[in-house]
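Heads up: the structure comes next, in structure tokens.
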Amino acid sequence: MQRMMLIGAGEVRWEDASEPTLSGAGAAIVRPLAIATCDLDVGVLRGGFPLQGPYPFGHEGVAEVVAVGDAVREITIGDIVVVPFQISCGSCAPCRRGRTGNCATHPRLSTYGLGAMGGLSWGGLLADLAEVPHADAMLVKVPAGISPLAVASASDNLPDAWRTVGPQLAADPGAEVLVVGGDGGPNSIGLYAVGIALGLGASRVVYVDHVPERLEVAAAFGADVVDGPPPAKAGAFAITVDASGTEAGLRCVLNSTAFDGTCTSPSVYLSDPSVPMFSMYSRCCTLHTGRAHVRRAIPQVLALVAAGFDPSLVTSTVVSWTDAEAALAHPPLKLVIARDAG
């Protein structure tokens, strides 16, 4: 079979590899159908995030199940499934608590397609075939009528966006939401958060950014857009999201988080930004950062898509498997690589 290897910034290539085999009775083999670049992938490909190649590429995708082990009960051959990027057993103490990104059965941070950081043995999803070690626990069936292209990011960026607004809106229905984007941030996550918040009934979503493409996507979802760099304060919002990756953006959302409000930052900071701790303390402001535990949010994301939320508004480009190398050399905001595209 063939798999895509990331060599370095802007450099990828197909290579021959051995086909995966079932490693246990609970495993499955899947045939990836639609693979998306996540925000971290884009950072690596553009040279802005220090993940060193070579490593098997791709960790967001929808696939078809082509083989299952004897102990698999919920997943069957032919199912179209989301493959969570984090490896999780579903039965250890962290998994039972929904903390599937910290599965205790495998080395911490075990993922597809993130090189040595995630464990090279898992491989990548931009490949002809991939193994899923815990099929019943990990795989989530895609409901009929939902295109794999629309939910190719349901492995990672979509549930990451969900956690920034979904639980908060469940606790505070109709709240107003602020999302701040920026050149150093997880911008597709921020835009997904805009669409998810509005799909969940937020009374108003404000999106701050200076890039026309991202402002257009946020406006298409129905957000009030503010063009320009993040101000010191954008108002007072019960729910805020830092998708900027910049200290100015982070300070803006923290200063704009209302009394007893919650700010979630899915941004990855490689150096420590300054945080207005006393002001946050005075307002009883909660700041949450860290990796998302994606498996538990995937069903909610798929249900929202079935109800009308359209994540494909964030997709910049769809290309075929054969055009993947050229497209990844200069990745857009959100690239989807489709096995049968074109």
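Identifiers in the structure tokens: chain A, B, ... in order shown; residue index from 1 per chain; ligand index from 1 in order shown.
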
Exercise. Could you pull the residues within 12 Å of Ala36 (chain A), counting only C-alpha atoms, minus those fewer than 6 positions along the same chain, as a PyMOL selection string?
Worked result: chain A and resi 42+57-63+82-83+85+113+124-126+148-158+188+312+314-321+324+327-328+331-339

Selection above as a file: N, CA and C atoms, as a tab-separated table (two decimals), in the first residue's frame:
chain	number	residue	atom	x	y	z
A	42	VAL	N	-1.26	22.31	9.50
A	42	VAL	CA	-0.97	23.50	8.70
A	42	VAL	C	0.24	24.24	9.26
A	57	PHE	N	1.78	10.84	7.82
A	57	PHE	CA	1.00	12.07	7.95
A	57	PHE	C	-0.50	11.77	7.99
A	58	GLY	N	-1.24	12.66	8.63
A	58	GLY	CA	-2.69	12.63	8.60
A	58	GLY	C	-3.30	12.07	9.87
A	59	HIS	N	-4.16	12.88	10.53
A	59	HIS	CA	-4.82	12.36	11.74
A	59	HIS	C	-6.28	12.80	11.85
A	60	GLU	N	-6.83	13.37	10.79
A	60	GLU	CA	-8.26	13.69	10.77
A	60	GLU	C	-8.88	12.97	9.57
A	61	GLY	N	-9.90	12.15	9.82
A	61	GLY	CA	-10.46	11.49	8.66
A	61	GLY	C	-11.66	10.61	8.92
A	62	VAL	N	-12.37	10.36	7.84
A	62	VAL	CA	-13.50	9.42	7.79
A	62	VAL	C	-13.08	8.25	6.93
A	63	ALA	N	-13.46	7.04	7.32
A	63	ALA	CA	-12.98	5.84	6.65
A	63	ALA	C	-14.09	4.80	6.53
A	82	VAL	N	-16.01	7.82	11.67
A	82	VAL	CA	-14.99	8.79	12.07
A	82	VAL	C	-13.94	8.05	12.88
A	83	VAL	N	-12.67	8.33	12.58
A	83	VAL	CA	-11.55	7.72	13.32
A	83	VAL	C	-10.97	8.78	14.25
A	85	PHE	N	-8.50	10.86	16.43
A	85	PHE	CA	-7.05	10.90	16.24
A	85	PHE	C	-6.29	10.37	17.45
A	113	GLY	N	-0.55	10.16	13.16
A	113	GLY	CA	-0.07	11.23	12.31
A	113	GLY	C	0.54	12.45	12.96
A	124	GLY	N	-0.14	7.05	10.05
A	124	GLY	CA	-0.99	8.19	9.71
A	124	GLY	C	-2.24	7.72	9.00
A	125	LEU	N	-3.20	8.62	8.88
A	125	LEU	CA	-4.47	8.27	8.23
A	125	LEU	C	-4.49	8.60	6.75
A	126	LEU	N	-3.53	9.36	6.25
A	126	LEU	CA	-3.47	9.60	4.82
A	126	LEU	C	-2.72	8.42	4.19
A	148	PRO	N	-18.87	12.27	4.01
A	148	PRO	CA	-17.55	12.19	4.66
A	148	PRO	C	-16.73	13.46	4.47
A	149	LEU	N	-16.91	14.15	3.34
A	149	LEU	CA	-16.15	15.38	3.10
A	149	LEU	C	-16.51	16.45	4.13
A	150	ALA	N	-17.78	16.50	4.52
A	150	ALA	CA	-18.23	17.54	5.45
A	150	ALA	C	-17.66	17.34	6.85
A	151	VAL	N	-17.46	16.08	7.24
A	151	VAL	CA	-17.06	15.80	8.62
A	151	VAL	C	-15.67	15.16	8.69
A	152	ALA	N	-14.84	15.42	7.70
A	152	ALA	CA	-13.48	14.87	7.71
A	152	ALA	C	-12.70	15.34	8.93
A	153	SER	N	-13.04	16.51	9.49
A	153	SER	CA	-12.35	17.03	10.67
A	153	SER	C	-13.00	16.60	11.98
A	154	ALA	N	-13.96	15.67	11.91
A	154	ALA	CA	-14.60	15.21	13.15
A	154	ALA	C	-13.68	14.37	14.02
A	155	SER	N	-12.50	14.03	13.50
A	155	SER	CA	-11.51	13.30	14.30
A	155	SER	C	-10.86	14.17	15.36
A	156	ASP	N	-10.80	15.50	15.11
A	156	ASP	CA	-9.98	16.37	15.96
A	156	ASP	C	-10.54	17.79	16.04
A	157	ASN	N	-10.43	18.58	14.96
A	157	ASN	CA	-10.75	20.00	15.06
A	157	ASN	C	-12.21	20.28	15.40
A	158	LEU	N	-13.14	19.50	14.85
A	158	LEU	CA	-14.56	19.74	15.16
A	158	LEU	C	-14.87	19.46	16.64
A	188	SER	N	-9.21	27.14	12.09
A	188	SER	CA	-10.40	26.37	11.72
A	188	SER	C	-11.18	25.98	12.97
A	312	SER	N	-18.61	22.31	6.36
A	312	SER	CA	-17.89	22.46	5.08
A	312	SER	C	-17.70	23.92	4.71
A	314	VAL	N	-16.03	25.89	6.33
A	314	VAL	CA	-14.64	26.18	6.70
A	314	VAL	C	-13.66	25.61	5.68
A	315	THR	N	-14.08	24.60	4.93
A	315	THR	CA	-13.19	23.93	3.98
A	315	THR	C	-12.78	24.88	2.86
A	316	SER	N	-11.48	25.06	2.69
A	316	SER	CA	-10.96	25.94	1.65
A	316	SER	C	-10.87	25.25	0.30
A	317	THR	N	-10.41	24.00	0.32
A	317	THR	CA	-10.11	23.28	-0.92
A	317	THR	C	-10.34	21.80	-0.71
A	318	VAL	N	-10.90	21.14	-1.74
A	318	VAL	CA	-11.00	19.68	-1.77
A	318	VAL	C	-10.20	19.19	-2.97
A	319	VAL	N	-9.29	18.25	-2.73
A	319	VAL	CA	-8.48	17.71	-3.81
A	319	VAL	C	-8.54	16.19	-3.78
A	320	SER	N	-8.10	15.57	-4.86
A	320	SER	CA	-8.07	14.13	-4.96
A	320	SER	C	-6.82	13.57	-4.29
A	321	TRP	N	-6.83	12.26	-4.06
A	321	TRP	CA	-5.67	11.56	-3.50
A	321	TRP	C	-4.42	11.84	-4.34
A	324	ALA	N	-2.72	15.25	-3.71
A	324	ALA	CA	-2.45	15.58	-2.31
A	324	ALA	C	-1.07	16.18	-2.11
A	327	ALA	N	-0.99	19.87	-3.11
A	327	ALA	CA	-1.84	20.70	-2.25
A	327	ALA	C	-1.22	20.88	-0.87
A	328	LEU	N	-0.59	19.85	-0.33
A	328	LEU	CA	0.01	19.94	1.00
A	328	LEU	C	1.28	20.79	1.01
A	331	PRO	N	-0.45	24.52	2.03
A	331	PRO	CA	-1.77	24.20	2.57
A	331	PRO	C	-2.61	25.45	2.84
A	332	PRO	N	-3.89	25.40	2.51
A	332	PRO	CA	-4.80	26.50	2.86
A	332	PRO	C	-5.30	26.34	4.29
A	333	LEU	N	-6.25	27.16	4.67
A	333	LEU	CA	-6.83	27.10	6.00
A	333	LEU	C	-7.30	25.69	6.34
A	334	LYS	N	-8.09	25.08	5.47
A	334	LYS	CA	-8.60	23.74	5.70
A	334	LYS	C	-8.65	22.99	4.36
A	335	LEU	N	-7.79	21.99	4.24
A	335	LEU	CA	-7.70	21.16	3.05
A	335	LEU	C	-8.34	19.82	3.35
A	336	VAL	N	-9.19	19.34	2.42
A	336	VAL	CA	-9.73	17.99	2.53
A	336	VAL	C	-9.27	17.20	1.31
A	337	ILE	N	-8.70	16.03	1.58
A	337	ILE	CA	-8.20	15.15	0.52
A	337	ILE	C	-9.15	13.97	0.42
A	338	ALA	N	-9.78	13.83	-0.74
A	338	ALA	CA	-10.83	12.83	-0.94
A	338	ALA	C	-10.34	11.74	-1.86
A	339	ARG	N	-10.53	10.50	-1.45
A	339	ARG	CA	-10.07	9.38	-2.26
A	339	ARG	C	-10.71	9.38	-3.64

Please, which residues in region 80-190 of chain A fall within 8 Å of region 219-241 of chain A when counting only C-alpha atoms, and what is the closest atom pair and distance in Å to one decimal for each, ordered by chain then residue number, as CSV?
residue,atom,partner,partner_atom,distance
A:Thr164,CA,A:Val241,CA,6.5
A:Val165,CA,A:Ile239,CA,7.0
A:Gln168,CA,A:Ile239,CA,7.0
A:Ala175,CA,A:Ala238,CA,6.2
A:Glu176,CA,A:Phe237,CA,5.6
A:Val177,CA,A:Ile239,CA,4.8
A:Leu178,CA,A:Thr240,CA,4.6
A:Val179,CA,A:Val241,CA,4.7
A:Val180,CA,A:Val241,CA,6.4
A:Gly190,CA,A:Val241,CA,7.2

Would you give me, as a tab-separated table, each residue of region 21-121 of chain A having an atom within 7 Å of an atom of region 289-297 of chain A, along with its shortest atom pair and that distance in Å to one decimal, using only C-alpha atoms and sorting by chain and residue number?
residue	atom	partner	partner_atom	distance
A:Pro84	CA	A:Arg295	CA	6.1
A:Gly98	CA	A:Arg296	CA	6.0
A:Arg99	CA	A:His293	CA	5.4
A:Thr100	CA	A:His293	CA	5.3
A:Gly101	CA	A:His293	CA	4.7

Produce a table with one row for each residue of region 130-222 of chain A that has an atom at most 10 Å from any atom of region 246-255 of chain A, each row naming the nearest atom pair and its distance in Å at one decimal; use only C-alpha atoms; arrange rows by chain and rising residue number; format as a Markdown table.
| residue | atom | partner | partner_atom | distance |
| --- | --- | --- | --- | --- |
| A:Leu178 | CA | A:Val253 | CA | 7.3 |
| A:Val179 | CA | A:Val253 | CA | 7.6 |
| A:Val180 | CA | A:Gly249 | CA | 6.3 |
| A:Gly181 | CA | A:Gly249 | CA | 7.3 |
| A:Gly182 | CA | A:Thr246 | CA | 6.9 |
| A:Asp183 | CA | A:Thr246 | CA | 7.9 |
| A:Gly184 | CA | A:Thr246 | CA | 6.1 |
| A:Gly185 | CA | A:Thr246 | CA | 7.1 |
| A:Val208 | CA | A:Gly249 | CA | 9.1 |
| A:Asp209 | CA | A:Gly249 | CA | 9.4 |

For this session: Go through A:Asp242, A:Asp136, A:Glu213, A:Asp39 one by one, measure the shortest atom-to-atom distance of each to Gly69 (chain A) using only C-alpha atoms, and give the residue with the smallest value.
Result: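 Of A:Asp242, A:Asp136, A:Glu213, A:Asp39, the one nearest Gly69 (chain A), counting only C-alpha atoms, is A:Asp136.
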
For this session: Could you tell me which of A:Phe309, A:Pro133, A:Ser121, A:Arg97 comes closest to Ala197 (chain A) if we count only C-alpha atoms?
Result: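 Using only C-alpha atoms, Ala197 (chain A) sits closest to A:Phe309.
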
For this session: Please identify all polymer residues within 9 Å of Cys103 (chain A), counting only C-alpha atoms, omitting same-chain residues fewer than 5 positions from it, and present them as an MDAnalysis selection string.
Result: chainID A and resid 86:95 108:110

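Considering the residues A:Ala130, A:Ala71, A:Leu198, A:Leu51 and counting only C-alpha atoms, Arg3 (chain A) has its shortest atom-to-atom contact with A:Ala130.
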
Exercise. Do you know which residues are at most 10 Å from region 14-28 of chain A counting only C-alpha atoms, after dropping those on the same chain fewer than 2 positions away, and could you put them as JSON, numbers by chain?
Worked result: {"A": [1, 2, 3, 4, 5, 6, 12, 30, 56, 57, 65, 66, 67, 68, 69, 70, 71, 72, 73, 75, 76, 77, 89, 123, 126, 127, 128, 129, 130, 131, 132, 133, 134, 135, 136, 137, 138, 139, 322, 324, 325]}

Export, as an mmCIF file, in the first residue's frame, the selected residues with C-alpha atoms.
data_model
loop_
_atom_site.group_PDB
_atom_site.id
_atom_site.type_symbol
_atom_site.label_atom_id
_atom_site.label_comp_id
_atom_site.auth_asym_id
_atom_site.auth_seq_id
_atom_site.Cartn_x
_atom_site.Cartn_y
_atom_site.Cartn_z
ATOM 1 C CA MET A 1 0.000 0.000 0.000
ATOM 2 C CA GLN A 2 0.970 3.676 -0.041
ATOM 3 C CA ARG A 3 1.026 6.217 2.755
ATOM 4 C CA MET A 4 1.876 9.904 2.861
ATOM 5 C CA MET A 5 5.052 10.890 4.688
ATOM 6 C CA LEU A 6 5.768 14.373 5.986
ATOM 7 C CA VAL A 12 5.554 15.463 1.674
ATOM 8 C CA VAL A 30 -10.151 0.891 7.806
ATOM 9 C CA PRO A 56 3.407 9.211 8.523
ATOM 10 C CA PHE A 57 0.995 12.070 7.948
ATOM 11 C CA VAL A 65 -14.288 -0.437 7.727
ATOM 12 C CA VAL A 66 -12.812 -3.302 5.691
ATOM 13 C CA ALA A 67 -11.925 -5.881 8.379
ATOM 14 C CA VAL A 68 -12.735 -6.469 12.058
ATOM 15 C CA GLY A 69 -11.445 -8.767 14.774
ATOM 16 C CA ASP A 70 -13.492 -11.576 16.292
ATOM 17 C CA ALA A 71 -14.310 -9.574 19.447
ATOM 18 C CA VAL A 72 -15.676 -6.503 17.661
ATOM 19 C CA ARG A 73 -19.432 -6.199 18.253
ATOM 20 C CA ILE A 75 -18.648 -2.009 14.216
ATOM 21 C CA THR A 76 -19.122 -4.046 11.049
ATOM 22 C CA ILE A 77 -17.438 -4.280 7.664
ATOM 23 C CA CYS A 89 -9.106 1.791 24.868
ATOM 24 C CA GLY A 123 1.092 5.583 11.500
ATOM 25 C CA LEU A 126 -3.472 9.599 4.815
ATOM 26 C CA ALA A 127 -2.861 6.047 3.665
ATOM 27 C CA ASP A 128 -4.540 3.263 1.759
ATOM 28 C CA LEU A 129 -5.257 1.393 4.995
ATOM 29 C CA ALA A 130 -4.931 1.986 8.746
ATOM 30 C CA GLU A 131 -5.444 -0.117 11.851
ATOM 31 C CA VAL A 132 -7.712 0.959 14.728
ATOM 32 C CA PRO A 133 -6.716 -1.016 17.852
ATOM 33 C CA HIS A 134 -9.981 -0.599 19.795
ATOM 34 C CA ALA A 135 -12.690 -0.518 17.156
ATOM 35 C CA ASP A 136 -15.792 -0.557 19.362
ATOM 36 C CA ALA A 137 -14.412 2.064 21.744
ATOM 37 C CA MET A 138 -12.912 4.409 19.170
ATOM 38 C CA LEU A 139 -14.896 4.358 15.948
ATOM 39 C CA THR A 322 -3.400 12.021 -6.540
ATOM 40 C CA ALA A 324 -2.453 15.578 -2.311
ATOM 41 C CA GLU A 325 1.313 16.144 -2.553
#

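You will find CA of Arg46 (chain A) at 28.8 Å from CA of Leu287 (chain A).
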
Problem set entry | Residue set, region 96-251 of chain A restricted to alpha helix (DSSP H), as JSON, numbers by chain | {"A": [96, 115, 116, 117, 118, 135, 136, 137, 138, 157, 158, 159, 160, 161, 162, 163, 164, 165, 166, 167, 168, 169, 170, 171, 187, 188, 189, 190, 191, 192, 193, 194, 195, 196, 197, 198, 199, 212, 213, 214, 215, 216, 217, 218, 219, 220, 221, 247, 248, 249, 250, 251]}

What would the file look like if the residues just selected were written as a compact mmCIF listing (two decimals), in the first residue's frame with N, CA and C atoms?
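That gives us out_8.txt:
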# COMPACT_ATOMS: atom_id res chain seq x y z
N ARG A 96 -12.97 5.83 30.97
CA ARG A 96 -14.31 5.72 31.55
C ARG A 96 -14.82 7.07 32.03
N GLY A 115 3.83 12.19 14.41
CA GLY A 115 5.25 11.91 14.57
C GLY A 115 5.60 11.34 15.93
N ALA A 116 6.81 11.65 16.38
CA ALA A 116 7.29 11.10 17.64
C ALA A 116 6.44 11.56 18.81
N MET A 117 5.84 12.74 18.72
CA MET A 117 5.00 13.25 19.81
C MET A 117 3.84 12.30 20.09
N GLY A 118 3.25 11.74 19.03
CA GLY A 118 2.11 10.85 19.20
C GLY A 118 2.44 9.38 19.14
N ALA A 135 -11.67 -0.96 18.12
CA ALA A 135 -12.69 -0.52 17.16
C ALA A 135 -13.98 -0.09 17.83
N ASP A 136 -14.51 -0.89 18.74
CA ASP A 136 -15.79 -0.56 19.36
C ASP A 136 -15.69 0.70 20.21
N ALA A 137 -14.57 0.90 20.87
CA ALA A 137 -14.41 2.06 21.74
C ALA A 137 -14.13 3.33 20.96
N MET A 138 -13.37 3.22 19.87
CA MET A 138 -12.91 4.41 19.17
C MET A 138 -13.83 4.86 18.04
N ASN A 157 -10.43 18.58 14.96
CA ASN A 157 -10.75 20.00 15.06
C ASN A 157 -12.21 20.28 15.40
N LEU A 158 -13.14 19.50 14.85
CA LEU A 158 -14.56 19.74 15.16
C LEU A 158 -14.87 19.46 16.64
N PRO A 159 -14.50 18.31 17.20
CA PRO A 159 -14.75 18.14 18.63
C PRO A 159 -13.93 19.07 19.51
N ASP A 160 -12.75 19.48 19.03
CA ASP A 160 -11.98 20.48 19.78
C ASP A 160 -12.75 21.78 19.85
N ALA A 161 -13.39 22.16 18.74
CA ALA A 161 -14.22 23.36 18.75
C ALA A 161 -15.46 23.19 19.63
N TRP A 162 -16.03 22.00 19.58
CA TRP A 162 -17.22 21.72 20.40
C TRP A 162 -16.94 21.99 21.88
N ARG A 163 -15.80 21.51 22.37
CA ARG A 163 -15.54 21.65 23.81
C ARG A 163 -15.38 23.10 24.24
N THR A 164 -15.11 24.02 23.29
CA THR A 164 -14.95 25.43 23.65
C THR A 164 -16.28 26.12 23.90
N VAL A 165 -17.37 25.58 23.36
CA VAL A 165 -18.68 26.27 23.47
C VAL A 165 -19.82 25.34 23.87
N GLY A 166 -19.74 24.03 23.53
CA GLY A 166 -20.87 23.14 23.76
C GLY A 166 -21.26 22.98 25.21
N PRO A 167 -20.36 22.53 26.09
CA PRO A 167 -20.73 22.39 27.50
C PRO A 167 -21.15 23.71 28.14
N GLN A 168 -20.51 24.80 27.72
CA GLN A 168 -20.81 26.10 28.30
C GLN A 168 -22.24 26.55 27.93
N LEU A 169 -22.62 26.34 26.67
CA LEU A 169 -23.97 26.72 26.26
C LEU A 169 -25.03 25.79 26.85
N ALA A 170 -24.67 24.55 27.13
CA ALA A 170 -25.60 23.65 27.82
C ALA A 170 -25.89 24.17 29.22
N ALA A 171 -24.88 24.77 29.88
CA ALA A 171 -25.06 25.31 31.22
C ALA A 171 -25.66 26.70 31.20
N ASN A 187 -7.16 28.37 13.65
CA ASN A 187 -8.25 29.17 13.09
C ASN A 187 -9.43 28.35 12.59
N SER A 188 -9.21 27.14 12.09
CA SER A 188 -10.40 26.37 11.72
C SER A 188 -11.18 25.98 12.97
N ILE A 189 -10.49 25.72 14.08
CA ILE A 189 -11.19 25.43 15.33
C ILE A 189 -12.02 26.63 15.75
N GLY A 190 -11.44 27.82 15.65
CA GLY A 190 -12.19 29.02 16.01
C GLY A 190 -13.42 29.21 15.14
N LEU A 191 -13.29 28.96 13.85
CA LEU A 191 -14.43 29.12 12.95
C LEU A 191 -15.47 28.03 13.18
N TYR A 192 -15.03 26.80 13.42
CA TYR A 192 -15.99 25.77 13.79
C TYR A 192 -16.73 26.16 15.07
N ALA A 193 -16.01 26.75 16.03
CA ALA A 193 -16.65 27.16 17.28
C ALA A 193 -17.75 28.19 17.02
N VAL A 194 -17.51 29.10 16.06
CA VAL A 194 -18.54 30.07 15.69
C VAL A 194 -19.79 29.35 15.22
N GLY A 195 -19.62 28.42 14.25
CA GLY A 195 -20.77 27.72 13.70
C GLY A 195 -21.47 26.84 14.70
N ILE A 196 -20.71 26.15 15.55
CA ILE A 196 -21.30 25.28 16.57
C ILE A 196 -22.09 26.11 17.58
N ALA A 197 -21.51 27.24 18.02
CA ALA A 197 -22.21 28.08 18.99
C ALA A 197 -23.55 28.55 18.45
N LEU A 198 -23.55 29.01 17.21
CA LEU A 198 -24.81 29.47 16.62
C LEU A 198 -25.77 28.31 16.41
N GLY A 199 -25.25 27.13 16.04
CA GLY A 199 -26.09 25.97 15.89
C GLY A 199 -26.70 25.51 17.20
N PRO A 212 -9.46 38.48 5.65
CA PRO A 212 -10.77 38.46 4.97
C PRO A 212 -11.37 37.07 4.82
N GLU A 213 -10.57 36.07 4.47
CA GLU A 213 -11.11 34.72 4.28
C GLU A 213 -11.79 34.21 5.54
N ARG A 214 -11.15 34.41 6.68
CA ARG A 214 -11.72 33.91 7.93
C ARG A 214 -12.94 34.74 8.34
N LEU A 215 -12.90 36.04 8.12
CA LEU A 215 -14.06 36.88 8.42
C LEU A 215 -15.26 36.48 7.56
N GLU A 216 -15.01 36.13 6.32
CA GLU A 216 -16.11 35.73 5.43
C GLU A 216 -16.76 34.44 5.90
N VAL A 217 -15.94 33.50 6.36
CA VAL A 217 -16.51 32.24 6.86
C VAL A 217 -17.35 32.48 8.10
N ALA A 218 -16.82 33.28 9.03
CA ALA A 218 -17.58 33.58 10.26
C ALA A 218 -18.89 34.28 9.93
N ALA A 219 -18.86 35.21 8.99
CA ALA A 219 -20.09 35.91 8.60
C ALA A 219 -21.07 34.95 7.94
N ALA A 220 -20.56 33.99 7.17
CA ALA A 220 -21.44 33.02 6.52
C ALA A 220 -22.17 32.16 7.56
N PHE A 221 -21.53 31.90 8.68
CA PHE A 221 -22.19 31.17 9.76
C PHE A 221 -23.24 32.02 10.46
N GLU A 247 -0.49 36.64 22.21
CA GLU A 247 -0.72 37.19 23.54
C GLU A 247 -1.80 38.27 23.52
N ALA A 248 -1.81 39.09 22.47
CA ALA A 248 -2.83 40.13 22.37
C ALA A 248 -4.23 39.53 22.26
N GLY A 249 -4.35 38.46 21.48
CA GLY A 249 -5.65 37.82 21.36
C GLY A 249 -6.10 37.18 22.65
N LEU A 250 -5.17 36.50 23.34
CA LEU A 250 -5.50 35.88 24.61
C LEU A 250 -5.93 36.91 25.64
N ARG A 251 -5.21 38.02 25.72
CA ARG A 251 -5.57 39.07 26.68
C ARG A 251 -6.92 39.68 26.33

Problem set entry | A:Ala243, A:Leu120, A:Ala9, A:Val81 ranked by distance to Leu33 (chain A), top pick (using only C-alpha atoms) | A:Val81

Exercise. What is the CA of His210 (chain A) to CA of Pro186 (chain A) distance in Å?
Worked result: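 CA of Pro186 (chain A) lies 14.5 Å from CA of His210 (chain A).
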
For this session: Can you work out the spacing between CA of Gly8 (chain A) and CA of Asp323 (chain A) in Å, to one decimal?
Result: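 Atom-to-atom, CA of Gly8 (chain A) to CA of Asp323 (chain A), that is 18.2 Å.
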